[in-house]
Amino acid sequence: MKLQAPSLLTVLIFLFLSFQTSTSLLTRGSSLSVEDSSHVLTSPDKTFTCGFYSVGDENAYWFSVWFTNSSDRTVVWMANRDRPVNGQGSKVSLRRNGAMVLTDVDGTVIWMTNTTSTRADRAELLDSGNLVLKDLQGKILWQSFDFPTDTLLPNQYLTKNTKLISKLGSGNFGSGFYTFYFDNDNVLRLIYDGPDTSSVYWPNPDWTVFQNGRTKYNSSRIAVLDDMGSFLSSDIFQFSAIDMGFGIKRRLTMDYDGNLRLYSLNMNGSWMISYEALRQQCNVHGICGKNGICVYTPEPECSCPPGYEVTEPGNWNKGCKPKFNRTCSNTQQVKFIELPHVDYYGYDLNFSSPASLDFCMKLCLDDCRCEAFSYRLTGEGFCFTKSVLFNGFNTPNFPASIYLKLPVNVEASEPTSLVGTDLVCPSSVTKVVIGTSSMYDTAIKRIRWAYLYGFAIAIGAIEVIFFVTGWWFLFRKHDVPSLLEDGYRVISSQFRRFTYVELKKATKNFKEEVGRGGSGAVYKGVLEDEREVAVKRLGDIYQGEEVFWAEVSTIGKIYHMNLVRMWGFCSEDKHRLLIYEYVKNQSLDRHLFSSDFLGWKERFKVALGTAKGLAYLHHECLEWVIHCDVKPENILLDNEFEPKIADFGLAKLSQRGSKSSEFSRIRGTKGYMAPEWALNLPITAKVDVYSYGVVILEMVKGIRLSGWVVGDGDEEETELKRFVRVVKTKIQCEEDSWIEDVVDPRMNGKFSKNQVATLVRIGISCVEGDRSKRPTMDSIVQSLLECEAESEVVRPDKR
């Protein structure tokens with residue numbers, strides 16, 4: 001009997017170890033069966049699982065790797081994305097010859113690794129999500145990271161030999177039409193590669209490599225996403241997650257809607273978008289298929305133009321089909337239907353300028369390949385005839401129209417178009433002409449003499465209007481932006497140039513003032529597309545048309561969730577205005593120093609978000625920006641009390657004309673300005689760190705710290721200096737109650753002691769007189785992210 005206990009224990013240990021081995025390793029000669037849900041490999045930290053994956057009730061399975069703890073078990077890699085296997089009899093085996101092989105129910109080899117005749121001893125799933133084959137010495141012989149599908153994981157390299165290809169749709173894992181890859185010129189691009197056509201749509205195809213902020217001279221073609229959430233490529237393209245920091249599970253995915261997005265996994269298992277390549281979804285090519293038009297309602301939806309109908313309801317990859325048969329017969333009567341503010345990108349048969357509307361129409365009539373033409377009546381007029389109707393989009397500010405060429409018998413006088421699942425009527429449809437090409441020539445002959453007489457009359461008036469016209473071109477040339485320069489640029493981004501007349505109308509002649517600062521007053525306005533905006537009128541210091549345009553265009557490219565978004569600008573004569581998104585909860589000072597009480601959870605969120613925004617300006621965006629005026633008045637709060645830093649671009653504008661990184665004039669607000677301003681030292685990002693420290697100490701204390709008080713020696717000192725001195729003394733004396741003493745008494749004990757202590761220590765270090773002792777904003781973000789996990793609020797009954 002004494003031998004039985006050890007024998008039983010030995011058996012149990014053996015069984016336990018066998019089970020552990022079976023769930024973490026696949027050894028040579030063993031296999032995983034599709035029929036047994038326990039036949040999976042799990043990474044040591046339990047983040048990833050590898051096995052057979054199925055969607056819905058369909059008898060289709062994929063050998064995959066997925067996130068174990070995400071609510072939808074998000075797949076990050078597939079071996080057989082285009083050839084699923086049967087739910088019975090299928091298996092994946094590590095054969096004696098070293099190859100990992102996936103077989104269907106009938107024994108057909110669906111997929112296998114290229115490790116035949118190697119010494120592959122085992123398959124493992126690593127904590128990184130990488131499925132690897134190793135030999136006895138642990139050397140990796142094959143890895144799934146070398147064969148990505150639609151997802152890139154942290155520390156997985158994208159190279160010249162790899163690419164991310166989207167899936168076909170939600171729940172359809174087959175290879176889709178969108179690809180993220182290195183092009184032949186060493187630049188990362190997004191391309192739509194559909195069944196009928198293909199086109200690159202990101203970065204902006206109308207700009208050069210260098211205008212897009214890239215370089216083509218590094219042929220290494222390598223890119224990687226790191227553990228912090230920063231992406232860096234050899235073509236100098238880079239971005240960072242809005243929640244940058246360690247410990248967050250992320251994935252970079254080429255989504256089936258054509259957008260490249262970085263996702264972060266929340267504590268509840270759902271995904272949050274922390275970056276996306278295109279902020280305007282209608283800029284994605286092919287998103288609505290052939291003939292389709294992408295429309296904002298305000299969300300992007302697909303629509304069919306007049307004379308067309310959806311090809312396959314629910315599948316916009318197939319686009320729209322014509323309700324008519326087009327022929328090249330000269331006897332077929334046609335008409336043109338105008339679609340204002342609509343264009344189809346690319347596939348131009350002809351480009352003409354200068355061109356009249358009649359001339360452009362005749363070009364399309366005379367060419368049976370022409371399905372429509374785009375016309376822009378600005379200056380001399382621009383004409384584009386289209387052979388294929390792809391990449392259609394509608395945007396309210398686009399200064400052109402598409403004229404569809406339709407048979408005259410197609411009912412389109414009051415057309416409807418399918419947007420999502422609802423039928424809507426276009427805002428404006430105009431019938432232009434009905435006829436044939438030969439009829440059009442006859443009409444031209446009839447009116448030729450009329451044109452001749454009109455020309456003769458015009459000759460007599462030329463001397464009268466000559467000087468007026470010359471004056472207009474000389475002094476008003478900037479009223480209408482050049483579409484040769486801006487054209488599709490306006491389409492590719494909501495950042496644009498506004499006219500002064502537009503802004504006067506939007507703000508009702510600058511009626512409602514919502515703020516005022518040293519750089520100018522801010523007015524609330526509503527644009528024609530119903531966006532609420534804040535319009536800032538700048539002072540006289542911002543002069544110079546071309547320099548202002550270049551500077552503000554750069555600022556318009558800066559985007560972060562904790563920075564107020566700039567929608568555009570106006571530069572006419574002496575007028576310099578900036579147009580921002582309107583943030584409804586207004587500025588932090590109105591909540592912090594008034595009766596609008598701000599709870600601790602919201603205060604910590606503001607501290608963290610503000611730090612992220614400043615870290616982005618200092619360390620991440622391509623154009624280095626120092627704010628120079630960080631204060632509660634310049635921190636706005638959205639509906640969720642997420643902070644958005646305002647006026648971050650004005651400091652950059654103020655630098656203009658300086659010969660170095662030093663600023664040409666003092667910026668900032670008394671009480672928040674770093675000592676180096678007064679000492680005339682070179683200005684660096686540490687001035688923002690100082691101001692940030694003052695702000696977070698004020699958030700803890702709940703009062704302004706910029707005033708003057710009488711110190712212990714009967715000498716006046718700033719409230720800030722006294723606060724820091726008192727807190728340091730209490731910390732050195734190890735007083736247990738120092739945290740309660742420094743917190744806003746309105747909290748009534750409802751705060752996190754750990755978070756208060758962290759903010760106070762960070763704030764004190766930020767306001768050091770010696771700037772070399774101040775931390776950087778990225779290190780502050782990391783400290784706050786680590787502290788955020790300890791978010792339990794101390795209740796009065798728990799003190």
# chains A, B, ... in the order shown; residues from 1 in each chain; ligands from 1

$ residues_around --residues "stretch 598-604 of chain A" --least-positions-apart "6" --cutoff "9 Å" --atoms "only C-alpha atoms" --output "number ranges by chain"
A: 591-592, 640-642, 696, 699-700, 746-747, 750-752, 755-756, 759, 784, 788, 791, 793

$ select_by_dssp --residues "stretch 15-123 of chain A" --states "strand (DSSP E or B)" --output "PyMOL selection string"
chain A and resi 25-27+31-33+41-42+48-54+61-67+75-78+85+91-94+100-103+109-112+122-123

$ residues_around --residues "stretch 773-782 of chain A" --least-positions-apart "2" --cutoff "10 Å" --atoms "only C-alpha atoms" --output "PDB file with N, CA and C atoms, in the first residue's frame"
ATOM      1  N   MET A 228       5.393  49.527 -27.916  1.00  0.00           N
ATOM      2  CA  MET A 228       4.801  50.766 -27.404  1.00  0.00           C
ATOM      3  C   MET A 228       3.619  51.235 -28.238  1.00  0.00           C
ATOM      4  N   ASP A 243      -3.024  55.601 -27.640  1.00  0.00           N
ATOM      5  CA  ASP A 243      -2.858  55.117 -26.273  1.00  0.00           C
ATOM      6  C   ASP A 243      -1.471  54.512 -26.101  1.00  0.00           C
ATOM      7  N   MET A 244      -0.483  55.136 -26.708  1.00  0.00           N
ATOM      8  CA  MET A 244       0.869  54.600 -26.731  1.00  0.00           C
ATOM      9  C   MET A 244       1.352  54.225 -25.333  1.00  0.00           C
ATOM     10  N   GLY A 245       1.962  53.055 -25.215  1.00  0.00           N
ATOM     11  CA  GLY A 245       2.493  52.586 -23.946  1.00  0.00           C
ATOM     12  C   GLY A 245       2.631  51.078 -23.937  1.00  0.00           C
ATOM     13  N   PHE A 246       3.365  50.565 -22.972  1.00  0.00           N
ATOM     14  CA  PHE A 246       3.593  49.127 -22.862  1.00  0.00           C
ATOM     15  C   PHE A 246       2.380  48.429 -22.255  1.00  0.00           C
ATOM     16  N   ALA A 607      -5.373  64.560 -17.344  1.00  0.00           N
ATOM     17  CA  ALA A 607      -3.915  64.581 -17.168  1.00  0.00           C
ATOM     18  C   ALA A 607      -3.234  63.630 -18.137  1.00  0.00           C
ATOM     19  N   LEU A 608      -3.772  62.437 -18.269  1.00  0.00           N
ATOM     20  CA  LEU A 608      -3.176  61.438 -19.164  1.00  0.00           C
ATOM     21  C   LEU A 608      -3.322  61.853 -20.623  1.00  0.00           C
ATOM     22  N   GLY A 609      -4.522  62.269 -21.016  1.00  0.00           N
ATOM     23  CA  GLY A 609      -4.742  62.651 -22.407  1.00  0.00           C
ATOM     24  C   GLY A 609      -3.908  63.854 -22.822  1.00  0.00           C
ATOM     25  N   THR A 610      -3.785  64.839 -21.919  1.00  0.00           N
ATOM     26  CA  THR A 610      -2.959  66.007 -22.233  1.00  0.00           C
ATOM     27  C   THR A 610      -1.502  65.602 -22.412  1.00  0.00           C
ATOM     28  N   ALA A 611      -1.037  64.698 -21.566  1.00  0.00           N
ATOM     29  CA  ALA A 611       0.340  64.215 -21.694  1.00  0.00           C
ATOM     30  C   ALA A 611       0.544  63.497 -23.025  1.00  0.00           C
ATOM     31  N   LYS A 612      -0.438  62.711 -23.446  1.00  0.00           N
ATOM     32  CA  LYS A 612      -0.325  62.009 -24.727  1.00  0.00           C
ATOM     33  C   LYS A 612      -0.257  62.995 -25.898  1.00  0.00           C
ATOM     34  N   GLY A 613      -1.102  64.032 -25.827  1.00  0.00           N
ATOM     35  CA  GLY A 613      -1.086  65.021 -26.896  1.00  0.00           C
ATOM     36  C   GLY A 613       0.234  65.756 -26.995  1.00  0.00           C
ATOM     37  N   LEU A 614       0.796  66.153 -25.850  1.00  0.00           N
ATOM     38  CA  LEU A 614       2.081  66.848 -25.854  1.00  0.00           C
ATOM     39  C   LEU A 614       3.209  65.909 -26.277  1.00  0.00           C
ATOM     40  N   ALA A 615       3.135  64.645 -25.847  1.00  0.00           N
ATOM     41  CA  ALA A 615       4.158  63.684 -26.262  1.00  0.00           C
ATOM     42  C   ALA A 615       4.143  63.501 -27.772  1.00  0.00           C
ATOM     43  N   TYR A 616       2.954  63.518 -28.353  1.00  0.00           N
ATOM     44  CA  TYR A 616       2.856  63.407 -29.811  1.00  0.00           C
ATOM     45  C   TYR A 616       3.530  64.606 -30.486  1.00  0.00           C
ATOM     46  N   LEU A 617       3.264  65.808 -29.998  1.00  0.00           N
ATOM     47  CA  LEU A 617       3.870  67.001 -30.590  1.00  0.00           C
ATOM     48  C   LEU A 617       5.386  66.993 -30.448  1.00  0.00           C
ATOM     49  N   HIS A 618       5.866  66.533 -29.279  1.00  0.00           N
ATOM     50  CA  HIS A 618       7.302  66.585 -29.006  1.00  0.00           C
ATOM     51  C   HIS A 618       8.089  65.475 -29.668  1.00  0.00           C
ATOM     52  N   HIS A 619       7.502  64.280 -29.768  1.00  0.00           N
ATOM     53  CA  HIS A 619       8.304  63.114 -30.120  1.00  0.00           C
ATOM     54  C   HIS A 619       7.849  62.342 -31.350  1.00  0.00           C
ATOM     55  N   GLU A 620       6.608  62.542 -31.787  1.00  0.00           N
ATOM     56  CA  GLU A 620       6.079  61.618 -32.777  1.00  0.00           C
ATOM     57  C   GLU A 620       5.749  62.232 -34.131  1.00  0.00           C
ATOM     58  N   ALA A 685      11.443  71.814 -25.736  1.00  0.00           N
ATOM     59  CA  ALA A 685      10.176  71.191 -25.346  1.00  0.00           C
ATOM     60  C   ALA A 685       9.974  71.186 -23.837  1.00  0.00           C
ATOM     61  N   LYS A 686      11.044  71.436 -23.075  1.00  0.00           N
ATOM     62  CA  LYS A 686      10.915  71.406 -21.619  1.00  0.00           C
ATOM     63  C   LYS A 686      10.075  72.566 -21.086  1.00  0.00           C
ATOM     64  N   VAL A 687       9.829  73.606 -21.898  1.00  0.00           N
ATOM     65  CA  VAL A 687       8.928  74.674 -21.444  1.00  0.00           C
ATOM     66  C   VAL A 687       7.499  74.149 -21.354  1.00  0.00           C
ATOM     67  N   ASP A 688       7.141  73.251 -22.269  1.00  0.00           N
ATOM     68  CA  ASP A 688       5.810  72.637 -22.189  1.00  0.00           C
ATOM     69  C   ASP A 688       5.699  71.713 -20.995  1.00  0.00           C
ATOM     70  N   VAL A 689       6.800  71.019 -20.672  1.00  0.00           N
ATOM     71  CA  VAL A 689       6.808  70.118 -19.514  1.00  0.00           C
ATOM     72  C   VAL A 689       6.552  70.921 -18.244  1.00  0.00           C
ATOM     73  N   TYR A 690       7.196  72.085 -18.145  1.00  0.00           N
ATOM     74  CA  TYR A 690       6.991  72.948 -16.973  1.00  0.00           C
ATOM     75  C   TYR A 690       5.517  73.363 -16.859  1.00  0.00           C
ATOM     76  N   TYR A 692       2.912  71.965 -18.164  1.00  0.00           N
ATOM     77  CA  TYR A 692       2.090  70.790 -17.862  1.00  0.00           C
ATOM     78  C   TYR A 692       2.127  70.474 -16.368  1.00  0.00           C
ATOM     79  N   GLY A 693       3.312  70.615 -15.766  1.00  0.00           N
ATOM     80  CA  GLY A 693       3.422  70.360 -14.330  1.00  0.00           C
ATOM     81  C   GLY A 693       2.544  71.285 -13.520  1.00  0.00           C
ATOM     82  N   LEU A 759       0.605  61.940  -9.622  1.00  0.00           N
ATOM     83  CA  LEU A 759       0.485  63.233 -10.284  1.00  0.00           C
ATOM     84  C   LEU A 759       1.285  64.312  -9.558  1.00  0.00           C
ATOM     85  N   ILE A 762       5.009  63.772 -10.238  1.00  0.00           N
ATOM     86  CA  ILE A 762       5.323  64.163 -11.619  1.00  0.00           C
ATOM     87  C   ILE A 762       5.278  65.679 -11.755  1.00  0.00           C
ATOM     88  N   GLY A 763       4.240  66.303 -11.177  1.00  0.00           N
ATOM     89  CA  GLY A 763       4.108  67.749 -11.271  1.00  0.00           C
ATOM     90  C   GLY A 763       5.282  68.480 -10.663  1.00  0.00           C
ATOM     91  N   ILE A 764       5.744  68.009  -9.497  1.00  0.00           N
ATOM     92  CA  ILE A 764       6.884  68.658  -8.837  1.00  0.00           C
ATOM     93  C   ILE A 764       8.147  68.525  -9.678  1.00  0.00           C
ATOM     94  N   SER A 765       8.338  67.349 -10.257  1.00  0.00           N
ATOM     95  CA  SER A 765       9.526  67.157 -11.101  1.00  0.00           C
ATOM     96  C   SER A 765       9.444  68.002 -12.371  1.00  0.00           C
ATOM     97  N   CYS A 766       8.225  68.270 -12.855  1.00  0.00           N
ATOM     98  CA  CYS A 766       8.063  69.065 -14.079  1.00  0.00           C
ATOM     99  C   CYS A 766       8.411  70.531 -13.862  1.00  0.00           C
ATOM    100  N   VAL A 767       8.189  71.054 -12.645  1.00  0.00           N
ATOM    101  CA  VAL A 767       8.391  72.484 -12.406  1.00  0.00           C
ATOM    102  C   VAL A 767       9.760  72.779 -11.813  1.00  0.00           C
ATOM    103  N   GLU A 768      10.684  71.851 -11.968  1.00  0.00           N
ATOM    104  CA  GLU A 768      12.057  72.103 -11.544  1.00  0.00           C
ATOM    105  C   GLU A 768      12.614  73.308 -12.300  1.00  0.00           C
ATOM    106  N   GLY A 769      13.373  74.154 -11.592  1.00  0.00           N
ATOM    107  CA  GLY A 769      13.984  75.300 -12.243  1.00  0.00           C
ATOM    108  C   GLY A 769      15.022  74.897 -13.263  1.00  0.00           C
ATOM    109  N   ASP A 770      15.773  73.828 -12.969  1.00  0.00           N
ATOM    110  CA  ASP A 770      16.760  73.294 -13.905  1.00  0.00           C
ATOM    111  C   ASP A 770      16.043  72.389 -14.903  1.00  0.00           C
ATOM    112  N   ARG A 771      15.962  72.808 -16.154  1.00  0.00           N
ATOM    113  CA  ARG A 771      15.163  72.050 -17.129  1.00  0.00           C
ATOM    114  C   ARG A 771      15.717  70.659 -17.400  1.00  0.00           C
ATOM    115  N   LEU A 784       2.083  57.502 -16.201  1.00  0.00           N
ATOM    116  CA  LEU A 784       0.637  57.602 -15.966  1.00  0.00           C
ATOM    117  C   LEU A 784      -0.099  56.363 -16.425  1.00  0.00           C
ATOM    118  N   LEU A 785       0.349  55.756 -17.518  1.00  0.00           N
ATOM    119  CA  LEU A 785      -0.291  54.524 -17.983  1.00  0.00           C
ATOM    120  C   LEU A 785      -0.101  53.401 -16.970  1.00  0.00           C
ATOM    121  N   GLU A 786       1.077  53.325 -16.368  1.00  0.00           N
ATOM    122  CA  GLU A 786       1.321  52.304 -15.351  1.00  0.00           C
ATOM    123  C   GLU A 786       0.463  52.547 -14.119  1.00  0.00           C
ATOM    124  N   CYS A 787       0.239  53.830 -13.824  1.00  0.00           N
ATOM    125  CA  CYS A 787      -0.558  54.174 -12.643  1.00  0.00           C
ATOM    126  C   CYS A 787      -2.053  53.983 -12.889  1.00  0.00           C
ATOM    127  N   GLU A 788      -2.471  54.082 -14.147  1.00  0.00           N
ATOM    128  CA  GLU A 788      -3.889  54.042 -14.481  1.00  0.00           C
ATOM    129  C   GLU A 788      -4.543  52.743 -14.047  1.00  0.00           C
TER     130      GLU A 788
END

$ closest_residue --among "A:Tyr61, A:Tyr347, A:Tyr672, A:Tyr201" --to "A:Tyr178" --atoms "only C-alpha atoms"
A:Tyr201

$ closest_residue --among "A:Trp567, A:Phe495, A:Phe384, A:Trp738" --to "A:Ala534" --atoms "only C-alpha atoms"
A:Trp567

$ residues_around --residues "A:His285" --least-positions-apart "2" --cutoff "9 Å" --atoms "only C-alpha atoms" --output "list in words"
Ile191, Tyr192, Ser198, Ser199, Val200, Tyr201, Gly258, Cys282, Asn283, Ile287, Cys288, Gly289, Tyr345, Phe390, Asn391 and Gly392 of chain A

$ atom_distance --atom1 "atom CA of A:Glu528" --atom2 "atom CA of A:Pro396"
8.1 Å

$ residues_around --residues "stretch 83-93 of chain A" --least-positions-apart "6" --cutoff "8 Å" --atoms "only C-alpha atoms" --output "PyMOL selection string"
chain A and resi 29-35+59-63+100-107+110

$ write_last_selection --atoms "N, CA and C atoms" --output "PDB file, in the first residue's frame"
ATOM      1  N   GLY A  29       5.454  13.857 -35.517  1.00  0.00           N
ATOM      2  CA  GLY A  29       4.641  12.643 -35.577  1.00  0.00           C
ATOM      3  C   GLY A  29       3.266  12.788 -34.976  1.00  0.00           C
ATOM      4  N   SER A  30       2.961  13.942 -34.346  1.00  0.00           N
ATOM      5  CA  SER A  30       1.640  14.133 -33.734  1.00  0.00           C
ATOM      6  C   SER A  30       0.806  15.075 -34.599  1.00  0.00           C
ATOM      7  N   SER A  31      -0.473  15.227 -34.219  1.00  0.00           N
ATOM      8  CA  SER A  31      -1.380  16.037 -35.035  1.00  0.00           C
ATOM      9  C   SER A  31      -2.462  16.661 -34.172  1.00  0.00           C
ATOM     10  N   LEU A  32      -3.151  17.653 -34.756  1.00  0.00           N
ATOM     11  CA  LEU A  32      -4.314  18.302 -34.151  1.00  0.00           C
ATOM     12  C   LEU A  32      -5.521  17.987 -35.014  1.00  0.00           C
ATOM     13  N   SER A  33      -6.597  17.564 -34.384  1.00  0.00           N
ATOM     14  CA  SER A  33      -7.797  17.176 -35.116  1.00  0.00           C
ATOM     15  C   SER A  33      -8.832  18.282 -35.092  1.00  0.00           C
ATOM     16  N   VAL A  34      -9.531  18.476 -36.199  1.00  0.00           N
ATOM     17  CA  VAL A  34     -10.559  19.490 -36.289  1.00  0.00           C
ATOM     18  C   VAL A  34     -11.760  19.150 -35.415  1.00  0.00           C
ATOM     19  N   GLU A  35     -11.957  17.873 -35.137  1.00  0.00           N
ATOM     20  CA  GLU A  35     -13.148  17.438 -34.402  1.00  0.00           C
ATOM     21  C   GLU A  35     -13.026  17.606 -32.902  1.00  0.00           C
ATOM     22  N   ASN A  59     -19.849  24.459 -42.358  1.00  0.00           N
ATOM     23  CA  ASN A  59     -18.900  23.363 -42.157  1.00  0.00           C
ATOM     24  C   ASN A  59     -17.579  23.701 -42.846  1.00  0.00           C
ATOM     25  N   ALA A  60     -16.992  24.848 -42.456  1.00  0.00           N
ATOM     26  CA  ALA A  60     -15.741  25.317 -43.042  1.00  0.00           C
ATOM     27  C   ALA A  60     -14.820  25.733 -41.910  1.00  0.00           C
ATOM     28  N   TYR A  61     -13.590  25.237 -41.943  1.00  0.00           N
ATOM     29  CA  TYR A  61     -12.630  25.489 -40.882  1.00  0.00           C
ATOM     30  C   TYR A  61     -11.306  25.966 -41.459  1.00  0.00           C
ATOM     31  N   TRP A  62     -10.669  26.847 -40.674  1.00  0.00           N
ATOM     32  CA  TRP A  62      -9.372  27.378 -41.061  1.00  0.00           C
ATOM     33  C   TRP A  62      -8.362  27.093 -39.952  1.00  0.00           C
ATOM     34  N   PHE A  63      -7.145  26.700 -40.321  1.00  0.00           N
ATOM     35  CA  PHE A  63      -6.075  26.543 -39.345  1.00  0.00           C
ATOM     36  C   PHE A  63      -5.514  27.933 -39.088  1.00  0.00           C
ATOM     37  N   MET A 100       5.022  20.602 -41.639  1.00  0.00           N
ATOM     38  CA  MET A 100       3.700  20.704 -41.037  1.00  0.00           C
ATOM     39  C   MET A 100       2.698  20.732 -42.177  1.00  0.00           C
ATOM     40  N   VAL A 101       1.708  19.828 -42.124  1.00  0.00           N
ATOM     41  CA  VAL A 101       0.816  19.616 -43.254  1.00  0.00           C
ATOM     42  C   VAL A 101      -0.631  19.679 -42.783  1.00  0.00           C
ATOM     43  N   LEU A 102      -1.465  20.406 -43.537  1.00  0.00           N
ATOM     44  CA  LEU A 102      -2.899  20.470 -43.294  1.00  0.00           C
ATOM     45  C   LEU A 102      -3.607  19.646 -44.357  1.00  0.00           C
ATOM     46  N   THR A 103      -4.392  18.667 -43.936  1.00  0.00           N
ATOM     47  CA  THR A 103      -5.094  17.795 -44.885  1.00  0.00           C
ATOM     48  C   THR A 103      -6.592  17.866 -44.669  1.00  0.00           C
ATOM     49  N   ASP A 104      -7.347  17.724 -45.761  1.00  0.00           N
ATOM     50  CA  ASP A 104      -8.807  17.723 -45.703  1.00  0.00           C
ATOM     51  C   ASP A 104      -9.296  16.319 -45.367  1.00  0.00           C
ATOM     52  N   VAL A 105     -10.615  16.165 -45.312  1.00  0.00           N
ATOM     53  CA  VAL A 105     -11.207  14.895 -44.908  1.00  0.00           C
ATOM     54  C   VAL A 105     -10.813  13.755 -45.837  1.00  0.00           C
ATOM     55  N   ASP A 106     -10.576  14.054 -47.119  1.00  0.00           N
ATOM     56  CA  ASP A 106     -10.213  13.011 -48.070  1.00  0.00           C
ATOM     57  C   ASP A 106      -8.706  12.817 -48.193  1.00  0.00           C
ATOM     58  N   GLY A 107      -7.931  13.447 -47.318  1.00  0.00           N
ATOM     59  CA  GLY A 107      -6.487  13.309 -47.340  1.00  0.00           C
ATOM     60  C   GLY A 107      -5.777  14.278 -48.264  1.00  0.00           C
ATOM     61  N   ILE A 110      -3.931  20.499 -48.260  1.00  0.00           N
ATOM     62  CA  ILE A 110      -4.430  21.858 -48.497  1.00  0.00           C
ATOM     63  C   ILE A 110      -3.326  22.891 -48.329  1.00  0.00           C
TER      64      ILE A 110
END

$ residues_around --residues "A:Lys508" --least-positions-apart "6" --cutoff "12 Å" --atoms "only C-alpha atoms" --output "NGL selection string"
:A and (500-502 or 523-527 or 535)
